[in-house]
file coords.cif (mmCIF, C-alpha atoms)
data_protein
#
loop_
_atom_site.label_atom_id
_atom_site.label_comp_id
_atom_site.auth_asym_id
_atom_site.auth_seq_id
_atom_site.Cartn_x
_atom_site.Cartn_y
_atom_site.Cartn_z
CA MET A 21 -13.35 -31.28 11.31
CA ARG A 22 -10.99 -33.68 13.04
CA LEU A 23 -7.73 -31.78 13.39
CA ALA A 24 -4.27 -31.85 14.86
CA PHE A 25 -2.52 -28.65 15.83
CA MET A 26 1.22 -28.07 15.83
CA GLY A 27 2.73 -24.96 17.40
CA THR A 28 5.04 -23.77 20.12
CA PRO A 29 5.29 -20.01 20.87
CA ALA A 30 2.72 -17.46 21.98
CA PHE A 31 2.17 -16.44 18.35
CA ALA A 32 0.40 -19.76 17.75
CA VAL A 33 -1.97 -19.64 20.74
CA PRO A 34 -4.71 -17.41 19.20
CA THR A 35 -5.04 -19.79 16.25
CA LEU A 36 -5.40 -22.80 18.56
CA LYS A 37 -8.06 -20.96 20.55
CA ALA A 38 -9.90 -20.01 17.33
CA LEU A 39 -10.04 -23.66 16.27
CA ILE A 40 -11.36 -24.70 19.67
CA ALA A 41 -13.97 -21.93 19.64
CA ALA A 42 -15.17 -23.02 16.18
CA GLY A 43 -16.03 -26.45 17.53
CA HIS A 44 -13.45 -28.50 15.66
CA GLU A 45 -12.35 -31.76 17.22
CA ILE A 46 -8.72 -31.18 18.19
CA ALA A 47 -7.56 -34.78 18.37
CA ALA A 48 -3.93 -33.95 19.21
CA VAL A 49 -1.71 -30.97 19.90
CA TYR A 50 2.00 -31.17 19.13
CA SER A 51 4.55 -28.78 20.63
CA GLN A 52 8.26 -28.61 21.26
CA PRO A 53 9.36 -30.37 24.46
CA PRO A 54 9.34 -28.33 27.69
CA ALA A 55 12.52 -26.28 28.04
CA PRO A 56 14.25 -24.08 30.65
CA ALA A 57 12.82 -20.56 30.70
CA GLY A 58 12.86 -17.42 32.80
CA ARG A 59 15.42 -16.20 35.28
CA GLY A 60 15.30 -19.39 37.29
CA GLN A 61 15.64 -21.49 34.13
CA SER A 62 12.98 -23.86 35.40
CA VAL A 63 11.61 -26.31 32.84
CA ARG A 64 8.29 -25.04 31.52
CA PRO A 65 5.85 -26.17 28.85
CA SER A 66 5.62 -23.96 25.77
CA PRO A 67 2.77 -21.43 25.50
CA VAL A 68 0.91 -23.74 23.10
CA HIS A 69 1.48 -26.74 25.37
CA GLN A 70 0.07 -24.83 28.35
CA ALA A 71 -2.92 -23.51 26.38
CA ALA A 72 -3.71 -27.03 25.23
CA LEU A 73 -3.51 -28.40 28.76
CA ASP A 74 -5.80 -25.63 29.96
CA ALA A 75 -8.30 -26.68 27.29
CA GLY A 76 -8.08 -30.34 28.24
CA LEU A 77 -6.43 -31.43 25.01
CA ALA A 78 -3.95 -34.26 24.51
CA VAL A 79 -0.42 -32.90 24.03
CA PHE A 80 2.52 -34.67 22.41
CA THR A 81 6.12 -33.40 22.44
CA PRO A 82 8.22 -35.65 20.18
CA LYS A 83 11.84 -34.57 19.75
CA SER A 84 11.68 -35.31 16.04
CA PHE A 85 9.20 -36.30 13.38
CA LYS A 86 11.96 -38.15 11.57
CA ASP A 87 11.18 -41.07 13.89
CA THR A 88 9.06 -43.49 11.85
CA ASP A 89 7.13 -44.58 14.94
CA VAL A 90 6.14 -40.95 15.58
CA GLN A 91 5.04 -40.66 11.95
CA ALA A 92 2.96 -43.84 12.21
CA GLU A 93 1.28 -42.62 15.41
CA PHE A 94 0.42 -39.33 13.70
CA ALA A 95 -1.05 -41.08 10.66
CA ALA A 96 -3.14 -43.34 12.89
CA ILE A 97 -5.03 -40.33 14.30
CA ASN A 98 -6.96 -40.28 11.00
CA LEU A 99 -7.17 -36.52 10.56
CA ASP A 100 -9.07 -34.29 8.18
CA ALA A 101 -6.29 -31.68 8.39
CA CYS A 102 -3.39 -30.46 10.49
CA VAL A 103 -2.83 -26.78 11.31
CA VAL A 104 0.78 -25.73 11.86
CA VAL A 105 1.85 -22.39 13.38
CA ALA A 106 5.52 -21.77 14.24
CA TYR A 107 5.99 -25.36 15.38
CA GLY A 108 9.78 -25.40 15.11
CA GLN A 109 10.34 -28.69 13.33
CA ILE A 110 10.63 -29.66 9.68
CA LEU A 111 7.85 -32.10 8.83
CA PRO A 112 8.66 -35.06 6.54
CA GLN A 113 6.53 -35.63 3.45
CA ALA A 114 4.87 -38.63 5.10
CA VAL A 115 3.51 -36.32 7.82
CA LEU A 116 2.39 -33.66 5.33
CA ASP A 117 0.49 -36.31 3.36
CA ALA A 118 -1.16 -38.08 6.30
CA PRO A 119 -4.24 -35.84 6.88
CA ARG A 120 -7.01 -36.10 4.29
CA LEU A 121 -6.69 -32.44 3.32
CA GLY A 122 -3.00 -32.10 4.14
CA CYS A 123 -1.29 -29.62 6.47
CA LEU A 124 -2.00 -25.88 6.59
CA ASN A 125 0.53 -23.34 7.83
CA VAL A 126 -0.15 -19.89 9.23
CA HIS A 127 2.82 -17.81 8.05
CA ALA A 128 3.49 -14.23 9.16
CA SER A 129 4.35 -12.60 5.85
CA LEU A 130 2.91 -11.87 2.42
CA LEU A 131 4.45 -14.80 0.59
CA PRO A 132 6.65 -15.19 -1.38
CA ARG A 133 8.26 -12.30 0.50
CA TRP A 134 10.00 -13.34 3.71
CA ARG A 135 9.94 -17.09 3.62
CA GLY A 136 11.76 -18.55 6.59
CA ALA A 137 12.36 -18.15 10.30
CA ALA A 138 12.06 -14.42 11.09
CA PRO A 139 9.54 -12.82 8.74
CA ILE A 140 8.25 -10.18 11.17
CA HIS A 141 11.71 -8.95 12.18
CA ARG A 142 12.90 -8.80 8.59
CA ALA A 143 9.87 -6.89 7.32
CA VAL A 144 10.41 -4.15 9.90
CA MET A 145 14.17 -4.04 9.44
CA ALA A 146 13.80 -3.77 5.65
CA GLY A 147 11.40 -0.86 5.92
CA ASP A 148 8.50 -2.69 4.25
CA ALA A 149 5.30 -0.64 3.98
CA GLU A 150 3.13 -3.64 4.80
CA THR A 151 3.19 -7.23 5.91
CA GLY A 152 0.47 -9.77 6.62
CA VAL A 153 -0.51 -13.39 7.09
CA CYS A 154 -0.86 -16.23 4.61
CA ILE A 155 -2.63 -19.55 5.10
CA MET A 156 -0.53 -21.91 3.04
CA GLN A 157 -0.81 -25.55 2.07
CA MET A 158 2.44 -27.08 3.21
CA GLU A 159 4.86 -28.91 0.95
CA ALA A 160 8.46 -30.06 1.27
CA GLY A 161 10.04 -26.69 0.34
CA LEU A 162 10.63 -23.86 2.81
CA ASP A 163 7.34 -21.92 2.83
CA THR A 164 6.88 -22.61 -0.89
CA GLY A 165 3.37 -24.07 -0.83
CA PRO A 166 0.30 -22.61 -2.54
CA VAL A 167 -1.62 -19.93 -0.63
CA LEU A 168 -5.28 -20.38 0.32
CA MET A 169 -5.90 -17.00 1.97
CA ARG A 170 -3.95 -13.87 2.78
CA GLU A 171 -4.54 -10.57 4.54
CA ALA A 172 -2.27 -7.53 4.66
CA THR A 173 -1.69 -4.94 7.37
CA PRO A 174 0.35 -1.74 7.12
CA ILE A 175 3.60 -1.36 9.06
CA GLY A 176 3.33 1.96 10.87
CA ALA A 177 6.20 4.28 11.72
CA GLU A 178 6.04 3.19 15.36
CA ASP A 179 5.39 -0.52 14.81
CA THR A 180 7.86 -2.94 16.34
CA THR A 181 8.24 -6.66 15.96
CA ALA A 182 6.31 -6.93 19.24
CA THR A 183 3.28 -4.93 18.05
CA LEU A 184 3.20 -6.66 14.66
CA HIS A 185 3.61 -10.08 16.32
CA ASP A 186 0.41 -9.57 18.28
CA ARG A 187 -1.52 -8.11 15.36
CA LEU A 188 -0.48 -10.85 12.94
CA ALA A 189 -1.24 -13.56 15.48
CA MET A 190 -4.83 -12.34 15.61
CA LEU A 191 -5.03 -12.05 11.81
CA GLY A 192 -3.93 -15.66 11.48
CA ALA A 193 -6.51 -16.75 14.02
CA ALA A 194 -9.24 -14.91 12.09
CA LEU A 195 -8.28 -16.54 8.77
CA ILE A 196 -7.79 -20.16 9.77
CA ASN A 197 -11.42 -21.26 10.09
CA PRO A 198 -12.57 -19.71 6.78
CA ALA A 199 -9.54 -21.31 5.12
CA LEU A 200 -10.40 -24.74 6.50
CA GLU A 201 -14.03 -24.36 5.49
CA GLY A 202 -13.10 -23.23 1.99
CA LEU A 203 -10.60 -26.02 1.55
CA SER A 204 -13.07 -28.65 2.73
CA SER A 205 -15.93 -27.36 0.54
CA GLY A 206 -13.77 -26.70 -2.48
CA THR A 207 -14.77 -23.02 -2.59
CA ILE A 208 -11.17 -21.79 -2.23
CA THR A 209 -8.55 -22.40 -4.89
CA ALA A 210 -4.98 -22.34 -3.68
CA GLU A 211 -2.77 -19.94 -5.61
CA THR A 212 0.76 -20.99 -6.55
CA GLN A 213 3.33 -18.54 -5.26
CA PRO A 214 4.97 -16.44 -7.99
CA GLU A 215 8.65 -17.00 -8.68
CA GLU A 216 9.32 -13.26 -8.60
CA GLY A 217 9.63 -11.43 -5.29
CA VAL A 218 11.03 -14.30 -3.24
CA THR A 219 13.03 -13.20 -0.18
CA TYR A 220 14.30 -15.20 2.77
CA ALA A 221 13.91 -14.18 6.40
CA ARG A 222 16.99 -15.79 7.89
CA LYS A 223 17.10 -16.34 11.63
CA ILE A 224 18.15 -13.27 13.63
CA ASP A 225 21.82 -13.39 14.59
CA LYS A 226 22.72 -11.58 17.80
CA ALA A 227 25.71 -10.14 15.95
CA GLU A 228 23.23 -8.00 13.98
CA ALA A 229 22.00 -6.29 17.12
CA ARG A 230 24.87 -3.84 17.63
CA ILE A 231 23.84 -0.47 16.19
CA ASP A 232 26.01 0.78 13.35
CA TRP A 233 25.78 4.55 13.71
CA THR A 234 27.30 5.09 10.26
CA LYS A 235 23.95 3.97 8.85
CA PRO A 236 21.23 6.55 8.12
CA SER A 237 18.98 7.34 11.06
CA VAL A 238 15.98 5.73 9.34
CA GLU A 239 17.89 2.43 9.17
CA VAL A 240 18.90 2.69 12.81
CA ASP A 241 15.22 3.24 13.64
CA ARG A 242 14.20 0.16 11.67
CA LEU A 243 16.83 -1.94 13.41
CA VAL A 244 15.68 -0.83 16.86
CA ARG A 245 12.03 -1.49 16.05
CA GLY A 246 12.77 -4.76 14.28
CA LEU A 247 14.77 -6.17 17.19
CA ASN A 248 12.22 -5.12 19.82
CA PRO A 249 11.64 -7.09 22.00
CA PHE A 250 14.30 -9.65 21.12
CA PRO A 251 17.26 -9.66 20.98
CA GLY A 252 17.21 -5.86 21.33
CA ALA A 253 19.46 -3.42 19.48
CA TRP A 254 22.33 -2.08 21.56
CA THR A 255 25.25 0.29 21.69
CA ASP A 256 28.27 0.60 23.98
CA ILE A 257 28.78 3.80 25.98
CA GLY A 258 31.85 4.06 28.19
CA GLY A 259 32.19 0.30 28.30
CA GLU A 260 28.57 -0.23 29.31
CA ARG A 261 26.11 -1.91 27.00
CA LEU A 262 22.89 0.05 26.57
CA LYS A 263 19.97 -1.78 25.01
CA VAL A 264 17.98 0.64 22.87
CA LEU A 265 14.27 -0.17 22.98
CA GLY A 266 12.80 2.84 21.21
CA GLY A 267 13.48 6.20 19.67
CA HIS A 268 12.97 8.24 16.52
CA PRO A 269 14.97 9.92 13.74
CA GLU A 270 15.61 13.65 13.99
CA ASN A 271 17.53 16.27 12.10
CA GLY A 272 21.14 16.58 13.17
CA ALA A 273 24.67 16.19 11.88
CA GLY A 274 28.01 15.16 13.33
CA ALA A 275 30.50 12.35 13.44
CA PRO A 276 28.47 9.11 13.47
CA GLY A 277 28.14 7.73 16.98
CA THR A 278 28.61 11.11 18.68
CA PHE A 279 26.00 12.43 21.12
CA LEU A 280 24.89 15.81 19.83
CA ASP A 281 23.29 16.96 23.09
CA ASP A 282 22.92 15.75 26.64
CA THR A 283 19.51 14.13 26.05
CA LEU A 284 20.55 11.14 23.95
CA LEU A 285 20.54 12.48 20.40
CA VAL A 286 23.13 10.47 18.45
CA ALA A 287 24.59 11.45 15.09
CA CYS A 288 24.13 8.90 12.33
CA GLY A 289 25.58 8.53 8.85
CA ASP A 290 22.64 10.62 7.69
CA GLY A 291 20.61 12.55 10.25
CA ALA A 292 20.41 11.71 13.94
CA TYR A 293 18.54 9.35 16.23
CA ARG A 294 16.95 10.26 19.56
CA ILE A 295 16.91 7.41 22.10
CA ASP A 296 13.53 7.50 23.86
CA ARG A 297 13.61 4.24 25.79
CA ALA A 298 16.52 2.07 26.84
CA GLN A 299 17.76 -0.49 29.33
CA ARG A 300 21.03 -0.57 31.23
CA ALA A 301 22.61 -3.89 32.17
CA GLY A 302 20.83 -5.38 35.15
CA LYS A 303 18.19 -2.63 35.18
CA ALA A 304 14.57 -2.39 34.12
CA PRO A 305 13.63 -0.64 30.85
CA MET A 306 13.36 3.14 31.32
CA ASP A 307 12.13 6.12 29.36
CA ARG A 308 14.71 8.78 28.47
CA GLU A 309 13.92 11.13 31.35
CA THR A 310 14.18 8.38 33.96
CA LEU A 311 17.34 6.95 32.42
CA LEU A 312 19.14 10.30 32.46
CA ARG A 313 18.63 10.77 36.19
CA GLY A 314 21.40 8.28 36.82
CA PHE A 315 23.12 8.02 33.46
CA SER A 316 24.79 11.20 32.26
CA VAL A 317 25.87 11.29 28.62
CA PRO A 318 27.20 14.78 27.81
CA ALA A 319 27.23 16.20 24.30
CA GLY A 320 30.38 15.13 22.50
CA THR A 321 30.43 11.67 24.09
CA LYS A 322 31.13 8.96 21.55
CA VAL A 323 29.91 5.40 21.58
CA SER A 324 32.65 2.85 22.18
CA PRO A 325 34.27 1.56 18.97
CA ASP A 326 33.82 -2.00 17.82
CA LYS A 327 36.14 -4.40 19.54
#
call {"tool": "encode", "arguments": {"input": "coords.cif", "output": "structure tokens"}}
result
Amino acid sequence: MRLAFMGTPAFAVPTLKALIAAGHEIAAVYSQPPAPAGRGQSVRPSPVHQAALDAGLAVFTPKSFKDTDVQAEFAAINLDACVVVAYGQILPQAVLDAPRLGCLNVHASLLPRWRGAAPIHRAVMAGDAETGVCIMQMEAGLDTGPVLMREATPIGAEDTTATLHDRLAMLGAALINPALEGLSSGTITAETQPEEGVTYARKIDKAEARIDWTKPSVEVDRLVRGLNPFPGAWTDIGGERLKVLGGHPENGAGAPGTFLDDTLLVACGDGAYRIDRAQRAGKAPMDRETLLRGFSVPAGTKVSPDK
């Protein structure tokens, strides 16, 4: 098939590679414009942009598809379909209608649950038992289009947004070619999303990242796992911000936010939470044993109150 691909982050790269490996003609790749990244804040192409360049594909980085000239250029490519994965722009109806078979989106949730910007984070933070990937025909609404294919995966007790991100990226890559084939041959019927069960995965606000120790330990655990690797859950100890990267609930009781021993067991609203991995400001991530060599937190220490 003659395709265009739209995507920006690393999550989208496996799907692009799957399309290339299947022998489709990738007539154009669209990605967000290069942006400052890394410690040096040097301007770099997005992961999709770089992957496309490595594959010898033509890459376009328009600032907006609201530009009618950009829309006309896209329509002139004369596509069978367009595959969209975490592109980062809202596509006007004229763009959605331009390819012969429309635009397909790889979405990292089991729609209609977790429509929107941060479906992986929200599934972990909510304590969902499973998540998955849907291949959806795009329409004007926010992730409201009919679903061509879906596949679920359980969310394990140790899963983080990082581990699910990688797993779901590969699931999406595995589904996209069968979905395109089924759509083209008419052997797949798109299913309208039910009206019941709709939830919205709003963008992660950094203000959510501060750990509220009055919450039950299971909720603290979900927050830590859901915000790993970004933006990272954190707490304040003696005026120093400690980013909590991993841990697990344990039995324990005390005033919420109080360390119950000298090996990072913190009392929660219900139960306690053991910090297993953390990062001090300006330092590399460390496991608990390494962290405690230079970071003493005696039993009875309390986290700093909200300012």
call {"tool": "closest_atom_pairs", "arguments": {"input": "coords.cif", "of": "segment 154-202 of chain A", "to": "segment 126-133 of chain A", "cutoff": "9 Å", "atoms": "only C-alpha atoms", "output": "JSON lines"}}
result
{"residue": "A:Cys154", "atom": "CA", "partner": "A:His127", "partner_atom": "CA", "distance": 5.3}
{"residue": "A:Ile155", "atom": "CA", "partner": "A:Val126", "partner_atom": "CA", "distance": 4.8}
{"residue": "A:Met156", "atom": "CA", "partner": "A:Val126", "partner_atom": "CA", "distance": 6.5}
{"residue": "A:Asp163", "atom": "CA", "partner": "A:Pro132", "partner_atom": "CA", "distance": 8.0}
{"residue": "A:Thr164", "atom": "CA", "partner": "A:Pro132", "partner_atom": "CA", "distance": 7.4}
{"residue": "A:Val167", "atom": "CA", "partner": "A:Leu131", "partner_atom": "CA", "distance": 8.0}
{"residue": "A:Arg170", "atom": "CA", "partner": "A:Leu130", "partner_atom": "CA", "distance": 7.2}
{"residue": "A:Glu171", "atom": "CA", "partner": "A:Leu130", "partner_atom": "CA", "distance": 7.9}
{"residue": "A:Ala172", "atom": "CA", "partner": "A:Leu130", "partner_atom": "CA", "distance": 7.1}
{"residue": "A:His185", "atom": "CA", "partner": "A:Ala128", "partner_atom": "CA", "distance": 8.3}
{"residue": "A:Leu188", "atom": "CA", "partner": "A:Ala128", "partner_atom": "CA", "distance": 6.4}
{"residue": "A:Ala189", "atom": "CA", "partner": "A:Ala128", "partner_atom": "CA", "distance": 7.9}
{"residue": "A:Gly192", "atom": "CA", "partner": "A:Val126", "partner_atom": "CA", "distance": 6.1}
{"residue": "A:Ala193", "atom": "CA", "partner": "A:Val126", "partner_atom": "CA", "distance": 8.6}
{"residue": "A:Leu195", "atom": "CA", "partner": "A:Val126", "partner_atom": "CA", "distance": 8.8}
{"residue": "A:Ile196", "atom": "CA", "partner": "A:Val126", "partner_atom": "CA", "distance": 7.7}
call {"tool": "residues_around", "arguments": {"input": "coords.cif", "residues": "Asp148 of chain A", "least_positions_apart": "2", "cutoff": "12 Å", "atoms": "only C-alpha atoms", "output": "PyMOL selection string"}}
result
chain A and resi 129-130+133-134+139-146+150-152+172-177+179+239+242+246
call {"tool": "residues_around", "arguments": {"input": "coords.cif", "residues": "segment 36-42 of chain A", "least_positions_apart": "3", "cutoff": "7 Å", "atoms": "all atoms listed in the file", "output": "list in words"}}
result
Ala32, Val33, Ala193 and Asn197 of chain A
call {"tool": "atom_distance", "arguments": {"input": "coords.cif", "atom1": "atom CA of Ala292 of chain A", "atom2": "atom CA of Glu309 of chain A"}}
result
18.6 Å
call {"tool": "resolve_selection", "arguments": {"input": "coords.cif", "expression": "the PyMOL selection byres ((chain A and resi 84) around 12)", "output": "PyMOL selection string"}}
result
chain A and resi 50-53+80-83+85-91+107-112+115
call {"tool": "resolve_selection", "arguments": {"input": "coords.cif", "expression": "the PyMOL selection byres ((chain A and resi 123) around 7)", "output": "list in words"}}
result
Ala101, Cys102, Val103, Val104, Leu116, Pro119, Leu121, Gly122, Leu124, Asn125, Gln157 and Met158 of chain A
call {"tool": "closest_residue", "arguments": {"input": "coords.cif", "among": "A:Gln113, A:Asn271, A:Thr255, A:Gln61", "to": "Val238 of chain A", "atoms": "all atoms listed in the file"}}
result
A:Asn271
call {"tool": "closest_residue", "arguments": {"input": "coords.cif", "among": "A:Ala273, A:Val218, A:Val323, A:Leu312", "to": "Trp254 of chain A", "atoms": "only C-alpha atoms"}}
result
A:Val323
call {"tool": "residues_around", "arguments": {"input": "coords.cif", "residues": "Gly291 of chain A", "least_positions_apart": "2", "cutoff": "9 Å", "atoms": "all atoms listed in the file", "output": "list in words"}}
result
Pro236, Ser237, Val238, Pro269, Glu270, Asn271, Gly272, Ala273, Gly274, Val286, Ala287, Cys288, Gly289 and Tyr293 of chain A
call {"tool": "closest_residue", "arguments": {"input": "coords.cif", "among": "A:Phe31, A:Ile224, A:Thr310, A:Asp296", "to": "Arg187 of chain A", "atoms": "only C-alpha atoms"}}
result
A:Phe31
call {"tool": "residues_around", "arguments": {"input": "coords.cif", "residues": "Ala227 of chain A", "least_positions_apart": "3", "cutoff": "12 Å", "atoms": "all atoms listed in the file", "output": "list in words"}}
result
Lys223, Ile224, Arg230, Ile231, Asp232, Leu247, Pro251, Gly252, Ala253, Trp254, Thr255 and Asp326 of chain A
call {"tool": "atom_distance", "arguments": {"input": "coords.cif", "atom1": "atom CA of Asn98 of chain A", "atom2": "atom CA of Val153 of chain A"}}
result
27.9 Å
call {"tool": "residues_near_point", "arguments": {"input": "coords.cif", "point": "(32.7, 16.2, 21.7)", "cutoff": "9 Å", "atoms": "all atoms listed in the file", "output": "list of chain:residue names"}}
result
A:Thr278, A:Phe279, A:Leu280, A:Pro318, A:Ala319, A:Gly320, A:Thr321, A:Lys322
call {"tool": "atom_distance", "arguments": {"input": "coords.cif", "atom1": "atom CA of Ile46 of chain A", "atom2": "atom CA of Ser204 of chain A"}}
result
16.3 Å
call {"tool": "resolve_selection", "arguments": {"input": "coords.cif", "expression": "the PyMOL selection byres ((chain A and resi 308) around 10)", "output": "list in words"}}
result
Gly266, Gly267, Thr283, Leu284, Arg294, Ile295, Asp296, Arg297, Ala298, Gln299, Pro305, Met306, Asp307, Glu309, Thr310, Leu311, Leu312, Arg313 and Phe315 of chain A
call {"tool": "residues_around", "arguments": {"input": "coords.cif", "residues": "segment 21-24 of chain A", "least_positions_apart": "5", "cutoff": "6 Å", "atoms": "all atoms listed in the file", "output": "list in words"}}
result
His44, Glu45, Ile46, Ala47, Ala48, Val49, Leu99, Asp100, Ala101 and Cys102 of chain A
call {"tool": "residues_near_point", "arguments": {"input": "coords.cif", "point": "(16.5, -16.8, 2.9)", "cutoff": "7 Å", "atoms": "all atoms listed in the file", "output": "PyMOL selection string"}}
result
chain A and resi 135-136+219-222
call {"tool": "closest_residue", "arguments": {"input": "coords.cif", "among": "A:Met169, A:Gly43, A:Gly27, A:Arg261", "to": "Leu191 of chain A", "atoms": "all atoms listed in the file"}}
result
A:Met169
call {"tool": "build_atoms", "arguments": {"input": "coords.cif", "residues": "segment 235-243 of chain A", "atoms": "all heavy atoms", "output": "PDB file, in the coordinates of the input"}}
result
ATOM      1  N   LYS A 235      25.149   4.133   9.679  1.00  0.00           N
ATOM      2  CA  LYS A 235      23.950   3.970   8.850  1.00  0.00           C
ATOM      3  C   LYS A 235      23.058   5.194   8.984  1.00  0.00           C
ATOM      4  O   LYS A 235      23.112   5.928   9.975  1.00  0.00           O
ATOM      5  CB  LYS A 235      23.169   2.728   9.306  1.00  0.00           C
ATOM      6  CG  LYS A 235      23.938   1.413   9.195  1.00  0.00           C
ATOM      7  CD  LYS A 235      24.119   0.983   7.769  1.00  0.00           C
ATOM      8  CE  LYS A 235      24.735  -0.409   7.685  1.00  0.00           C
ATOM      9  NZ  LYS A 235      24.937  -0.832   6.279  1.00  0.00           N
ATOM     10  N   PRO A 236      22.192   5.445   7.992  1.00  0.00           N
ATOM     11  CA  PRO A 236      21.230   6.550   8.120  1.00  0.00           C
ATOM     12  C   PRO A 236      20.317   6.340   9.324  1.00  0.00           C
ATOM     13  O   PRO A 236      20.049   5.206   9.735  1.00  0.00           O
ATOM     14  CB  PRO A 236      20.454   6.484   6.808  1.00  0.00           C
ATOM     15  CG  PRO A 236      21.348   5.764   5.858  1.00  0.00           C
ATOM     16  CD  PRO A 236      22.111   4.773   6.690  1.00  0.00           C
ATOM     17  N   SER A 237      19.826   7.434   9.871  1.00  0.00           N
ATOM     18  CA  SER A 237      18.980   7.340  11.060  1.00  0.00           C
ATOM     19  C   SER A 237      17.722   6.513  10.825  1.00  0.00           C
ATOM     20  O   SER A 237      17.241   5.837  11.744  1.00  0.00           O
ATOM     21  CB  SER A 237      18.598   8.740  11.543  1.00  0.00           C
ATOM     22  OG  SER A 237      17.900   9.456  10.536  1.00  0.00           O
ATOM     23  N   VAL A 238      17.183   6.541   9.615  1.00  0.00           N
ATOM     24  CA  VAL A 238      15.980   5.730   9.340  1.00  0.00           C
ATOM     25  C   VAL A 238      16.295   4.244   9.436  1.00  0.00           C
ATOM     26  O   VAL A 238      15.449   3.454   9.874  1.00  0.00           O
ATOM     27  CB  VAL A 238      15.378   6.069   7.964  1.00  0.00           C
ATOM     28  CG1 VAL A 238      14.790   7.465   7.962  1.00  0.00           C
ATOM     29  CG2 VAL A 238      16.387   5.900   6.839  1.00  0.00           C
ATOM     30  N   GLU A 239      17.514   3.841   9.054  1.00  0.00           N
ATOM     31  CA  GLU A 239      17.890   2.430   9.170  1.00  0.00           C
ATOM     32  C   GLU A 239      18.155   2.040  10.612  1.00  0.00           C
ATOM     33  O   GLU A 239      17.851   0.913  11.028  1.00  0.00           O
ATOM     34  CB  GLU A 239      19.107   2.140   8.291  1.00  0.00           C
ATOM     35  CG  GLU A 239      18.827   2.240   6.795  1.00  0.00           C
ATOM     36  CD  GLU A 239      19.988   1.754   5.953  1.00  0.00           C
ATOM     37  OE1 GLU A 239      20.804   0.947   6.459  1.00  0.00           O
ATOM     38  OE2 GLU A 239      20.082   2.178   4.780  1.00  0.00           O
ATOM     39  N   VAL A 240      18.721   2.948  11.380  1.00  0.00           N
ATOM     40  CA  VAL A 240      18.900   2.690  12.810  1.00  0.00           C
ATOM     41  C   VAL A 240      17.531   2.488  13.466  1.00  0.00           C
ATOM     42  O   VAL A 240      17.327   1.566  14.275  1.00  0.00           O
ATOM     43  CB  VAL A 240      19.653   3.849  13.489  1.00  0.00           C
ATOM     44  CG1 VAL A 240      19.645   3.684  15.013  1.00  0.00           C
ATOM     45  CG2 VAL A 240      21.083   3.919  12.974  1.00  0.00           C
ATOM     46  N   ASP A 241      16.578   3.341  13.093  1.00  0.00           N
ATOM     47  CA  ASP A 241      15.220   3.240  13.640  1.00  0.00           C
ATOM     48  C   ASP A 241      14.591   1.894  13.303  1.00  0.00           C
ATOM     49  O   ASP A 241      13.968   1.248  14.152  1.00  0.00           O
ATOM     50  CB  ASP A 241      14.378   4.382  13.097  1.00  0.00           C
ATOM     51  CG  ASP A 241      12.962   4.371  13.640  1.00  0.00           C
ATOM     52  OD1 ASP A 241      12.803   4.369  14.873  1.00  0.00           O
ATOM     53  OD2 ASP A 241      12.015   4.354  12.827  1.00  0.00           O
ATOM     54  N   ARG A 242      14.760   1.455  12.074  1.00  0.00           N
ATOM     55  CA  ARG A 242      14.200   0.160  11.670  1.00  0.00           C
ATOM     56  C   ARG A 242      14.842  -0.991  12.441  1.00  0.00           C
ATOM     57  O   ARG A 242      14.161  -1.944  12.835  1.00  0.00           O
ATOM     58  CB  ARG A 242      14.410  -0.052  10.160  1.00  0.00           C
ATOM     59  CG  ARG A 242      13.622   0.890   9.273  1.00  0.00           C
ATOM     60  CD  ARG A 242      14.103   0.740   7.845  1.00  0.00           C
ATOM     61  NE  ARG A 242      13.531   1.742   6.953  1.00  0.00           N
ATOM     62  CZ  ARG A 242      13.972   1.991   5.728  1.00  0.00           C
ATOM     63  NH1 ARG A 242      15.004   1.298   5.247  1.00  0.00           N
ATOM     64  NH2 ARG A 242      13.399   2.910   4.972  1.00  0.00           N
ATOM     65  N   LEU A 243      16.145  -0.895  12.649  1.00  0.00           N
ATOM     66  CA  LEU A 243      16.830  -1.940  13.410  1.00  0.00           C
ATOM     67  C   LEU A 243      16.298  -2.012  14.829  1.00  0.00           C
ATOM     68  O   LEU A 243      15.991  -3.098  15.342  1.00  0.00           O
ATOM     69  CB  LEU A 243      18.336  -1.667  13.432  1.00  0.00           C
ATOM     70  CG  LEU A 243      19.171  -2.702  14.204  1.00  0.00           C
ATOM     71  CD1 LEU A 243      19.309  -3.977  13.396  1.00  0.00           C
ATOM     72  CD2 LEU A 243      20.549  -2.150  14.544  1.00  0.00           C
TER      73      LEU A 243
END
